[in-house]
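Source file final02.csv; content: CSV, C-alpha atoms.
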```
chain,number,residue,atom,x,y,z
A,504,MET,CA,95.0,63.6,50.2
A,505,SER,CA,95.6,61.3,53.2
A,506,VAL,CA,93.2,61.3,56.1
A,507,GLU,CA,94.0,60.1,59.5
A,508,ARG,CA,92.1,57.1,60.8
A,509,LYS,CA,92.2,55.4,64.2
A,510,ALA,CA,94.2,52.2,64.6
A,511,HIS,CA,93.6,49.7,67.4
A,512,ALA,CA,96.5,48.7,69.7
A,513,ALA,CA,96.1,46.0,72.3
A,514,SER,CA,97.0,46.6,75.9
A,515,GLY,CA,100.7,46.1,76.5
A,516,TRP,CA,100.2,44.6,79.9
A,517,VAL,CA,98.1,41.7,78.6
A,518,MET,CA,100.6,41.0,75.8
A,519,LEU,CA,103.4,41.3,78.4
A,520,ALA,CA,101.9,38.4,80.3
A,521,ILE,CA,101.6,36.4,77.1
A,522,VAL,CA,105.3,37.1,76.3
A,523,ILE,CA,106.4,36.0,79.8
A,524,ALA,CA,104.3,32.8,79.4
A,525,GLY,CA,105.9,32.2,76.0
A,526,TYR,CA,109.4,32.5,77.3
A,527,ALA,CA,108.5,30.2,80.3
A,528,ALA,CA,107.1,27.6,77.9
A,529,SER,CA,110.3,27.8,75.8
A,530,LEU,CA,112.4,27.2,79.0
A,531,LEU,CA,110.1,24.2,80.0
A,532,PHE,CA,110.6,22.6,76.6
A,533,ALA,CA,114.3,23.2,76.7
A,534,PHE,CA,114.6,21.6,80.2
A,535,SER,CA,112.5,18.7,79.0
A,536,PHE,CA,114.9,18.2,76.2
A,537,PHE,CA,118.0,18.2,78.4
A,538,PHE,CA,116.3,15.9,81.0
A,539,SER,CA,115.3,13.5,78.3
A,540,MET,CA,118.8,13.4,76.9
A,541,ALA,CA,120.3,12.9,80.3
A,542,ASP,CA,118.0,10.0,81.3
A,543,PRO,CA,118.2,7.0,78.9
A,544,PHE,CA,114.8,5.7,80.0
A,545,LEU,CA,113.1,9.0,79.2
A,546,ARG,CA,115.0,9.2,76.0
A,547,TYR,CA,113.4,6.0,74.7
A,548,GLU,CA,110.0,6.8,76.2
A,549,THR,CA,109.7,10.3,74.7
A,550,ASN,CA,111.0,12.1,71.6
A,551,PRO,CA,113.6,14.7,72.9
A,552,LEU,CA,113.9,16.2,69.4
A,553,LEU,CA,110.2,17.2,69.6
A,554,SER,CA,110.8,19.1,72.8
A,555,LEU,CA,113.7,20.9,71.2
A,556,ILE,CA,111.6,21.9,68.2
A,557,PHE,CA,108.9,23.2,70.5
A,558,ALA,CA,111.4,25.2,72.6
A,559,ILE,CA,112.9,26.8,69.5
A,560,LEU,CA,109.5,27.6,68.0
A,561,ALA,CA,108.2,29.1,71.3
A,562,PHE,CA,111.4,31.2,71.7
A,563,ILE,CA,111.2,32.5,68.1
A,564,ALA,CA,107.5,33.3,68.3
A,565,THR,CA,107.8,35.0,71.6
A,566,SER,CA,110.8,37.1,70.4
A,567,PHE,CA,108.8,38.1,67.4
A,568,VAL,CA,105.8,39.1,69.5
A,569,ARG,CA,108.1,41.1,71.9
A,570,HIS,CA,108.9,43.6,69.1
A,571,GLY,CA,105.4,44.8,69.0
A,572,PHE,CA,105.6,46.7,72.3
A,573,PHE,CA,105.7,50.5,72.4
A,574,THR,CA,104.8,53.3,74.8
A,575,LEU,CA,103.0,56.6,74.1
A,576,GLN,CA,103.1,59.6,76.4
A,577,PRO,CA,100.3,62.2,76.5
A,578,GLY,CA,100.6,64.3,73.4
A,579,GLN,CA,102.1,61.5,71.3
A,580,ALA,CA,100.8,59.3,68.5
A,581,ARG,CA,102.2,56.4,66.5
A,582,VAL,CA,101.6,56.0,62.8
A,583,CYS,CA,101.2,52.4,61.8
A,584,VAL,CA,102.5,51.5,58.3
A,585,LEU,CA,102.5,47.9,57.1
A,586,PHE,CA,104.7,47.2,54.1
A,587,GLY,CA,104.2,50.7,52.8
A,588,LYS,CA,100.5,50.9,53.4
A,589,TYR,CA,99.0,53.3,56.0
A,590,VAL,CA,97.0,51.3,58.5
A,591,GLY,CA,96.1,54.0,61.0
A,592,THR,CA,97.2,56.1,63.9
A,593,VAL,CA,97.3,55.1,67.6
A,594,ARG,CA,96.7,57.9,70.1
A,595,ASP,CA,96.1,55.8,73.2
A,596,GLU,CA,98.8,56.6,75.8
A,597,GLY,CA,100.6,54.0,78.0
A,598,LEU,CA,102.1,50.6,77.2
A,599,ARG,CA,100.5,49.3,74.0
A,600,TRP,CA,101.1,46.4,71.6
A,601,ALA,CA,100.6,46.3,67.8
A,602,ASN,CA,101.7,44.2,64.9
A,603,PRO,CA,105.5,43.8,65.1
A,604,LEU,CA,105.7,44.2,61.3
A,605,TYR,CA,104.6,47.8,61.5
A,606,ALA,CA,107.5,50.0,60.3
A,607,LYS,CA,109.5,51.7,63.1
A,608,THR,CA,111.0,54.3,60.7
A,609,LEU,CA,109.2,56.0,57.8
A,610,GLY,CA,111.3,57.0,54.8
A,611,ILE,CA,109.8,59.5,52.3
A,612,THR,CA,111.8,60.0,49.1
A,613,SER,CA,111.6,63.2,47.1
A,614,SER,CA,113.5,64.9,44.3
A,615,ALA,CA,115.0,68.3,44.7
A,616,GLY,CA,117.3,69.9,42.2
A,617,GLY,CA,117.8,66.7,40.3
A,618,ALA,CA,118.9,64.9,43.5
A,619,THR,CA,117.0,62.3,45.4
A,620,VAL,CA,116.5,63.1,49.0
A,621,THR,CA,115.1,60.8,51.6
A,622,HIS,CA,113.4,62.2,54.7
A,623,ARG,CA,113.2,59.8,57.6
A,624,HIS,CA,110.7,60.1,60.4
A,625,GLY,CA,110.1,57.9,63.4
A,626,SER,CA,106.7,56.2,63.6
A,627,LYS,CA,106.0,58.3,66.7
A,628,ILE,CA,105.0,61.9,66.1
A,629,SER,CA,104.3,64.6,68.6
A,630,VAL,CA,100.8,66.2,68.5
A,631,ARG,CA,101.7,68.8,71.3
A,632,ALA,CA,101.6,72.5,70.7
A,633,ARG,CA,104.8,73.9,69.3
A,634,THR,CA,106.2,77.4,68.7
A,635,TYR,CA,108.1,78.6,65.7
A,636,THR,CA,109.9,82.0,65.9
A,637,GLY,CA,110.7,83.3,62.5
A,638,ASP,CA,113.7,85.4,61.6
A,639,ARG,CA,113.4,89.1,60.8
A,640,ILE,CA,112.7,89.5,57.2
A,641,LYS,CA,112.7,92.7,55.0
A,642,VAL,CA,109.5,93.2,53.0
A,643,ASN,CA,107.6,96.1,51.4
A,644,ASP,CA,104.4,97.3,52.9
A,645,LYS,CA,101.3,98.4,51.0
A,646,MET,CA,102.9,101.8,50.1
A,647,GLY,CA,106.2,100.1,48.9
A,648,ASN,CA,108.2,101.2,51.9
A,649,PRO,CA,110.8,98.6,53.1
A,650,ILE,CA,110.1,97.4,56.6
A,651,GLU,CA,111.5,94.7,58.9
A,652,ILE,CA,109.0,92.3,60.4
A,653,ALA,CA,109.1,89.0,62.3
A,654,THR,CA,106.5,86.7,63.8
A,655,VAL,CA,106.0,83.8,66.2
A,656,ILE,CA,103.3,81.1,65.7
A,657,VAL,CA,101.9,78.4,67.9
A,658,TRP,CA,100.9,75.2,66.0
A,659,HIS,CA,100.3,71.5,66.4
A,660,VAL,CA,99.8,68.5,64.2
A,661,ALA,CA,96.1,67.7,63.9
A,662,ASP,CA,96.2,65.1,61.2
A,663,THR,CA,99.3,62.7,61.4
A,664,ALA,CA,98.6,61.1,58.0
A,665,LYS,CA,98.7,64.4,56.2
A,666,ALA,CA,101.8,65.5,58.1
A,667,LEU,CA,103.8,62.5,57.2
A,668,PHE,CA,102.5,61.5,53.8
A,669,ASP,CA,101.2,64.6,52.0
A,670,VAL,CA,104.4,66.7,52.5
A,671,ASP,CA,108.1,65.7,52.5
A,672,ASP,CA,109.0,67.4,55.8
A,673,TYR,CA,106.1,69.0,57.7
A,674,GLU,CA,108.4,71.0,60.0
A,675,SER,CA,110.3,72.6,57.1
A,676,TYR,CA,107.0,73.1,55.4
A,677,VAL,CA,105.7,75.1,58.4
A,678,GLU,CA,108.8,77.3,58.3
A,679,MET,CA,108.5,78.0,54.6
A,680,ILE,CA,104.8,78.8,54.6
A,681,THR,CA,105.2,81.0,57.7
A,682,GLU,CA,107.7,83.2,55.9
A,683,THR,CA,105.7,83.4,52.6
A,684,ALA,CA,102.4,84.1,54.5
A,685,LEU,CA,104.1,86.9,56.5
A,686,ARG,CA,105.4,88.5,53.4
A,687,HIS,CA,102.0,88.5,51.8
A,688,VAL,CA,100.1,89.8,54.8
A,689,ALA,CA,102.7,92.6,55.3
A,690,SER,CA,102.2,93.7,51.7
A,691,LEU,CA,98.5,94.1,52.2
A,692,TYR,CA,98.7,96.9,54.8
A,693,ALA,CA,100.6,100.2,55.2
A,694,TYR,CA,103.0,100.6,58.1
A,695,ASP,CA,101.1,103.6,59.6
A,696,HIS,CA,98.2,105.9,58.8
A,697,MET,CA,100.5,108.6,57.5
A,698,GLU,CA,101.6,106.3,54.8
A,699,ASP,CA,98.0,105.5,53.7
A,700,ASP,CA,95.6,107.5,51.6
A,701,ASP,CA,92.8,107.1,54.1
A,702,GLU,CA,92.1,110.6,55.4
A,703,ASN,CA,89.9,109.4,58.2
A,704,ALA,CA,92.6,107.0,59.5
A,705,THR,CA,90.1,104.1,59.6
A,706,SER,CA,92.1,101.6,57.5
A,707,ILE,CA,94.0,98.7,59.1
A,708,THR,CA,97.8,99.4,59.5
A,709,LEU,CA,100.6,97.2,60.7
A,710,ARG,CA,101.6,99.4,63.6
A,711,THR,CA,98.2,100.4,65.0
A,712,ASN,CA,96.1,97.3,64.4
A,713,ILE,CA,98.2,94.4,65.7
A,714,GLU,CA,95.2,92.2,66.6
A,715,GLU,CA,93.6,92.5,63.1
A,716,VAL,CA,96.9,91.9,61.4
A,717,SER,CA,97.7,88.9,63.6
A,718,GLN,CA,94.2,87.4,62.9
A,719,ALA,CA,94.7,87.9,59.2
A,720,LEU,CA,98.1,86.1,59.4
A,721,LYS,CA,96.6,83.3,61.4
A,722,THR,CA,93.8,82.8,58.9
A,723,GLU,CA,96.2,82.7,56.0
A,724,LEU,CA,98.5,80.3,57.8
A,725,SER,CA,95.6,78.0,58.7
A,726,HIS,CA,94.5,77.8,55.1
A,727,LYS,CA,97.9,77.1,53.7
A,728,LEU,CA,99.0,74.6,56.4
A,729,ALA,CA,95.9,72.5,56.3
A,730,ILE,CA,97.4,70.5,53.5
A,731,ALA,CA,100.1,69.3,56.0
A,732,GLY,CA,97.6,68.5,58.7
A,733,VAL,CA,98.8,71.4,60.8
A,734,GLU,CA,96.5,73.7,62.8
A,735,VAL,CA,97.6,77.2,63.9
A,736,ASP,CA,96.6,78.1,67.4
A,737,ASP,CA,98.0,81.6,67.4
A,738,ALA,CA,100.1,84.0,65.4
A,739,ARG,CA,101.7,87.2,66.6
A,740,LEU,CA,104.1,89.9,65.3
A,741,THR,CA,107.3,90.0,67.4
A,742,HIS,CA,109.1,92.8,65.5
A,743,LEU,CA,108.0,95.7,63.3
A,744,ALA,CA,110.2,98.6,62.2
A,745,TYR,CA,111.2,100.6,59.2
A,746,ALA,CA,114.2,99.2,57.3
A,747,GLN,CA,117.6,100.8,58.2
A,748,GLU,CA,117.9,102.7,54.9
A,749,ILE,CA,114.7,104.8,55.5
A,750,ALA,CA,114.4,104.7,59.3
A,751,GLN,CA,116.0,108.1,59.8
A,752,ALA,CA,113.9,109.7,57.0
A,753,MET,CA,110.7,108.3,58.5
A,754,LEU,CA,111.7,109.4,61.9
A,755,ARG,CA,112.1,113.0,60.7
A,756,ARG,CA,108.8,112.7,58.9
A,757,GLN,CA,107.1,111.5,62.0
A,758,GLN,CA,108.5,114.4,63.9
A,759,ALA,CA,107.3,116.8,61.3
A,760,GLU,CA,103.8,115.3,61.4
A,761,ALA,CA,103.8,115.6,65.2
A,762,ILE,CA,104.9,119.3,65.0
A,763,ILE,CA,102.2,120.0,62.4
A,764,ALA,CA,99.5,118.3,64.5
A,765,ALA,CA,100.6,120.2,67.6
A,766,ARG,CA,100.6,123.5,65.7
A,767,LYS,CA,97.2,122.8,64.4
A,768,LYS,CA,95.8,122.3,67.9
A,769,ILE,CA,97.5,125.4,69.1
A,770,VAL,CA,96.1,127.6,66.3
A,771,GLU,CA,92.6,126.1,66.9
A,772,GLY,CA,92.8,126.9,70.6
A,773,ALA,CA,94.2,130.4,70.0
A,774,VAL,CA,91.4,131.3,67.6
A,775,SER,CA,88.8,130.1,70.1
A,776,MET,CA,90.4,132.1,72.9
A,777,VAL,CA,90.7,135.3,70.7
A,778,ASP,CA,87.0,135.0,69.7
A,779,MET,CA,86.0,134.5,73.3
A,780,ALA,CA,88.1,137.5,74.5
A,781,LEU,CA,86.8,139.9,71.9
A,782,THR,CA,83.2,138.7,72.5
A,783,GLN,CA,83.3,139.1,76.3
A,784,LEU,CA,85.0,142.5,76.1
A,785,SER,CA,82.5,143.8,73.6
A,786,ASP,CA,79.4,142.4,75.3
A,787,GLY,CA,80.5,143.6,78.7
A,788,GLY,CA,81.0,147.2,77.5
A,789,VAL,CA,84.6,147.2,78.6
A,790,VAL,CA,86.0,148.3,75.3
A,791,GLU,CA,84.3,149.6,72.1
A,792,PHE,CA,85.9,147.8,69.2
A,793,ASP,CA,85.8,148.9,65.6
A,794,ASP,CA,87.2,146.8,62.8
A,795,ASP,CA,90.7,148.1,63.1
A,796,ARG,CA,90.8,147.6,66.9
A,797,LYS,CA,89.5,144.1,66.5
A,798,ALA,CA,92.2,143.3,63.9
A,799,VAL,CA,95.0,144.7,66.2
A,800,MET,CA,93.7,142.9,69.2
A,801,ALA,CA,93.3,139.6,67.3
A,802,SER,CA,96.8,140.0,65.9
A,803,ASN,CA,98.4,140.7,69.3
A,804,LEU,CA,96.6,137.8,71.0
A,805,MET,CA,97.5,135.3,68.2
A,806,VAL,CA,101.2,136.4,68.5
A,807,VAL,CA,101.1,135.8,72.3
A,808,LEU,CA,99.2,132.5,72.2
A,809,CYS,CA,101.0,131.0,69.2
A,810,GLY,CA,104.5,132.2,69.7
A,811,ASP,CA,107.3,129.8,70.8
A,812,SER,CA,108.9,132.3,73.1
A,813,GLU,CA,107.4,134.5,75.8
A,814,ALA,CA,105.9,137.8,74.6
A,815,GLN,CA,107.5,141.1,75.5
A,816,PRO,CA,104.9,143.6,76.6
A,817,VAL,CA,104.9,147.1,74.9
A,818,VAL,CA,103.0,150.0,76.5
A,819,ASN,CA,101.4,152.3,74.0
A,820,THR,CA,101.1,155.8,75.5
A,821,GLY,CA,99.4,157.3,72.4
A,822,THR,CA,96.3,156.3,70.5
A,823,LEU,CA,95.9,153.4,68.1
A,824,TYR,CA,96.4,155.6,65.2
A,825,GLN,CA,99.6,157.3,66.3
```
Final structure tokens representation of the file:
Amino acid sequence: MSVERKAHAASGWVMLAIVIAGYAASLLFAFSFFFSMADPFLRYETNPLLSLIFAILAFIATSFVRHGFFTLQPGQARVCVLFGKYVGTVRDEGLRWANPLYAKTLGITSSAGGATVTHRHGSKISVRARTYTGDRIKVNDKMGNPIEIATVIVWHVADTAKALFDVDDYESYVEMITETALRHVASLYAYDHMEDDDENATSITLRTNIEEVSQALKTELSHKLAIAGVEVDDARLTHLAYAQEIAQAMLRRQQAEAIIAARKKIVEGAVSMVDMALTQLSDGGVVEFDDDRKAVMASNLMVVLCGDSEAQPVVNTGTLYQ
């Protein structure tokens, strides 16, 4: 496992002054050579060839040093690799200078399907926060029902060495792990409480516990992406629905569940109202009820309170037993 370590890079402005001085010295030696060649007296007094050698050496050395300049913006880092060996990572922003022999492009070779693939990355790498929006995928929830689900994650590179050297392509790795983690998390929970065996409706479900599911997804992603030096800042579900083949059936089931729940509330309320009516009529001495009268009164009230249509009143001109 690679571990990021800090590399030192000199100030680019200081080295820029040195480069300018080097080119100026090269020009001075070149002018000295031409002046010596043009003046016979100077030609015999000095060695023009020595001035030419110094001019060439100064120009070559300065040109070599010039290739060590690079700039870093906020949220960028440069990985320094010297002849295949990781030296360190520079995170200091601005104009910097480092060894010109550091690789400008990093090539990582891997084998896939019997073929050799080379992934090339620049030596600069972004450590800013990024977002990845996954495609909608079809998975099975805890109860085996097919559902469609999608997610978006916010992530950033925390360890540049792991990102570049421990995986072939860290961006593709993030995409692959996001899909596999989403499939696993979705399989741990039921879509809704009516699909679960928990009678008290206290278990975590995908539809009603978005925060808990998102946190579980973030935890799993953070664990799996740590090998690539990636930290997950946030993970959220962006789409959640039953798959097309069972969507209509589940809609009808939800409607049935809603009707049953509404009927249950209506019956509970009706029973309470009937009991209250009979109790108040009896206690107030308005009507003397025997068991038969209570049964008839309760039946009539339940029909009126629980019926879907309005009740039609019927006037009884006789007695209860006629």
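Counting from CA of Ile563 (chain A), the distance to CA of Ala528 (chain A) is 11.7 Å.
What separates CA of Ala731 (chain A) from CA of Lys665 (chain A) is a distance of 5.1 Å.
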- request: Skip Ala689 (chain A) itself and residues of its chain fewer than 2 positions away, then list as number ranges by chain all residues within 9 Å of it, counting only C-alpha atoms.
  value: A: 642-645, 650, 652, 684-687, 691-694, 709, 716, 720
- request: Please provide as an MDAnalysis selection string all residues within 9 Å of region 772-780 of chain A, with the sequence filter that same-chain residues fewer than 4 positions apart are discarded (counting only C-alpha atoms).
  value: chainID A and resid 767:768 784:785 800:801 804:805 808:809
message: Residues within 10 Å of Lys721 (chain A), please, as a ChimeraX atom specification. Count all atoms listed in the file; anything in the same chain fewer than 6 positions from it doesn't count.
response: /A:656-657,681,684-685,688,715,727,734-739
Residues near Cys583 (chain A), cut-off 12 Å, all atoms listed in the file, skip fewer than 4 positions along chain, as a ChimeraX atom specification: /A:507-512,571,573,587-594,600-609,625-628,663-664,667
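From CA of Ala765 (chain A) back to CA of Arg710 (chain A), the distance works out to 21.2 Å.
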field: Gln579 (chain A) environment, 6 Å, only C-alpha atoms, sequence neighbours closer than 3 positions dropped, as a PyMOL selection string
entry: chain A and resi 575-576+628-630
- request: Can you work out which one of A:His742, A:Asn712, A:Arg796, A:Val568 has the shortest atom-to-atom distance to Ile521 (chain A), counting all atoms listed in the file?
  value: A:Val568
- prompt: Of the candidates A:Ala666, A:Met518, A:Ile769, A:Ile707, which shows the shortest atom-to-atom distance to Val807 (chain A), using only C-alpha atoms?
  reply: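 Using only C-alpha atoms, Val807 (chain A) sits closest to A:Ile769.
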N, CA and C atoms are needed for region 761-779 of chain A; please write them out as a PDB file, in the frame of the given file.
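Just written: out.pdb:
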```pdb
ATOM      1  N   ALA A 761     104.176 115.293  63.805  1.00  0.00           N
ATOM      2  CA  ALA A 761     103.800 115.600  65.200  1.00  0.00           C
ATOM      3  C   ALA A 761     103.811 117.129  65.408  1.00  0.00           C
ATOM      4  N   ILE A 762     104.811 117.825  64.827  1.00  0.00           N
ATOM      5  CA  ILE A 762     104.900 119.300  65.000  1.00  0.00           C
ATOM      6  C   ILE A 762     103.680 119.949  64.312  1.00  0.00           C
ATOM      7  N   ILE A 763     103.344 119.469  63.102  1.00  0.00           N
ATOM      8  CA  ILE A 763     102.200 120.000  62.400  1.00  0.00           C
ATOM      9  C   ILE A 763     100.898 119.814  63.176  1.00  0.00           C
ATOM     10  N   ALA A 764     100.738 118.613  63.708  1.00  0.00           N
ATOM     11  CA  ALA A 764      99.500 118.300  64.500  1.00  0.00           C
ATOM     12  C   ALA A 764      99.463 119.193  65.734  1.00  0.00           C
ATOM     13  N   ALA A 765     100.621 119.389  66.398  1.00  0.00           N
ATOM     14  CA  ALA A 765     100.600 120.200  67.600  1.00  0.00           C
ATOM     15  C   ALA A 765     100.309 121.686  67.243  1.00  0.00           C
ATOM     16  N   ARG A 766     100.906 122.177  66.160  1.00  0.00           N
ATOM     17  CA  ARG A 766     100.600 123.500  65.700  1.00  0.00           C
ATOM     18  C   ARG A 766      99.154 123.727  65.375  1.00  0.00           C
ATOM     19  N   LYS A 767      98.585 122.751  64.749  1.00  0.00           N
ATOM     20  CA  LYS A 767      97.200 122.800  64.400  1.00  0.00           C
ATOM     21  C   LYS A 767      96.306 122.970  65.632  1.00  0.00           C
ATOM     22  N   LYS A 768      96.612 122.197  66.656  1.00  0.00           N
ATOM     23  CA  LYS A 768      95.800 122.300  67.900  1.00  0.00           C
ATOM     24  C   LYS A 768      96.034 123.642  68.561  1.00  0.00           C
ATOM     25  N   ILE A 769      97.281 124.150  68.510  1.00  0.00           N
ATOM     26  CA  ILE A 769      97.500 125.400  69.100  1.00  0.00           C
ATOM     27  C   ILE A 769      96.771 126.554  68.437  1.00  0.00           C
ATOM     28  N   VAL A 770      96.771 126.533  67.098  1.00  0.00           N
ATOM     29  CA  VAL A 770      96.100 127.600  66.300  1.00  0.00           C
ATOM     30  C   VAL A 770      94.555 127.478  66.596  1.00  0.00           C
ATOM     31  N   GLU A 771      94.019 126.259  66.605  1.00  0.00           N
ATOM     32  CA  GLU A 771      92.600 126.100  66.900  1.00  0.00           C
ATOM     33  C   GLU A 771      92.230 126.658  68.252  1.00  0.00           C
ATOM     34  N   GLY A 772      93.056 126.359  69.233  1.00  0.00           N
ATOM     35  CA  GLY A 772      92.800 126.900  70.600  1.00  0.00           C
ATOM     36  C   GLY A 772      92.951 128.376  70.659  1.00  0.00           C
ATOM     37  N   ALA A 773      93.969 128.910  69.941  1.00  0.00           N
ATOM     38  CA  ALA A 773      94.200 130.400  70.000  1.00  0.00           C
ATOM     39  C   ALA A 773      93.027 131.104  69.346  1.00  0.00           C
ATOM     40  N   VAL A 774      92.535 130.653  68.222  1.00  0.00           N
ATOM     41  CA  VAL A 774      91.400 131.300  67.600  1.00  0.00           C
ATOM     42  C   VAL A 774      90.178 131.305  68.477  1.00  0.00           C
ATOM     43  N   SER A 775      89.962 130.169  69.159  1.00  0.00           N
ATOM     44  CA  SER A 775      88.800 130.100  70.100  1.00  0.00           C
ATOM     45  C   SER A 775      88.981 131.068  71.231  1.00  0.00           C
ATOM     46  N   MET A 776      90.189 131.197  71.744  1.00  0.00           N
ATOM     47  CA  MET A 776      90.400 132.100  72.900  1.00  0.00           C
ATOM     48  C   MET A 776      90.301 133.573  72.422  1.00  0.00           C
ATOM     49  N   VAL A 777      90.798 133.919  71.236  1.00  0.00           N
ATOM     50  CA  VAL A 777      90.700 135.300  70.700  1.00  0.00           C
ATOM     51  C   VAL A 777      89.213 135.661  70.537  1.00  0.00           C
ATOM     52  N   ASP A 778      88.451 134.744  69.926  1.00  0.00           N
ATOM     53  CA  ASP A 778      87.000 135.000  69.700  1.00  0.00           C
ATOM     54  C   ASP A 778      86.308 135.190  71.052  1.00  0.00           C
ATOM     55  N   MET A 779      86.649 134.369  72.026  1.00  0.00           N
ATOM     56  CA  MET A 779      86.000 134.500  73.300  1.00  0.00           C
ATOM     57  C   MET A 779      86.388 135.813  74.005  1.00  0.00           C
TER      58      MET A 779
END
```
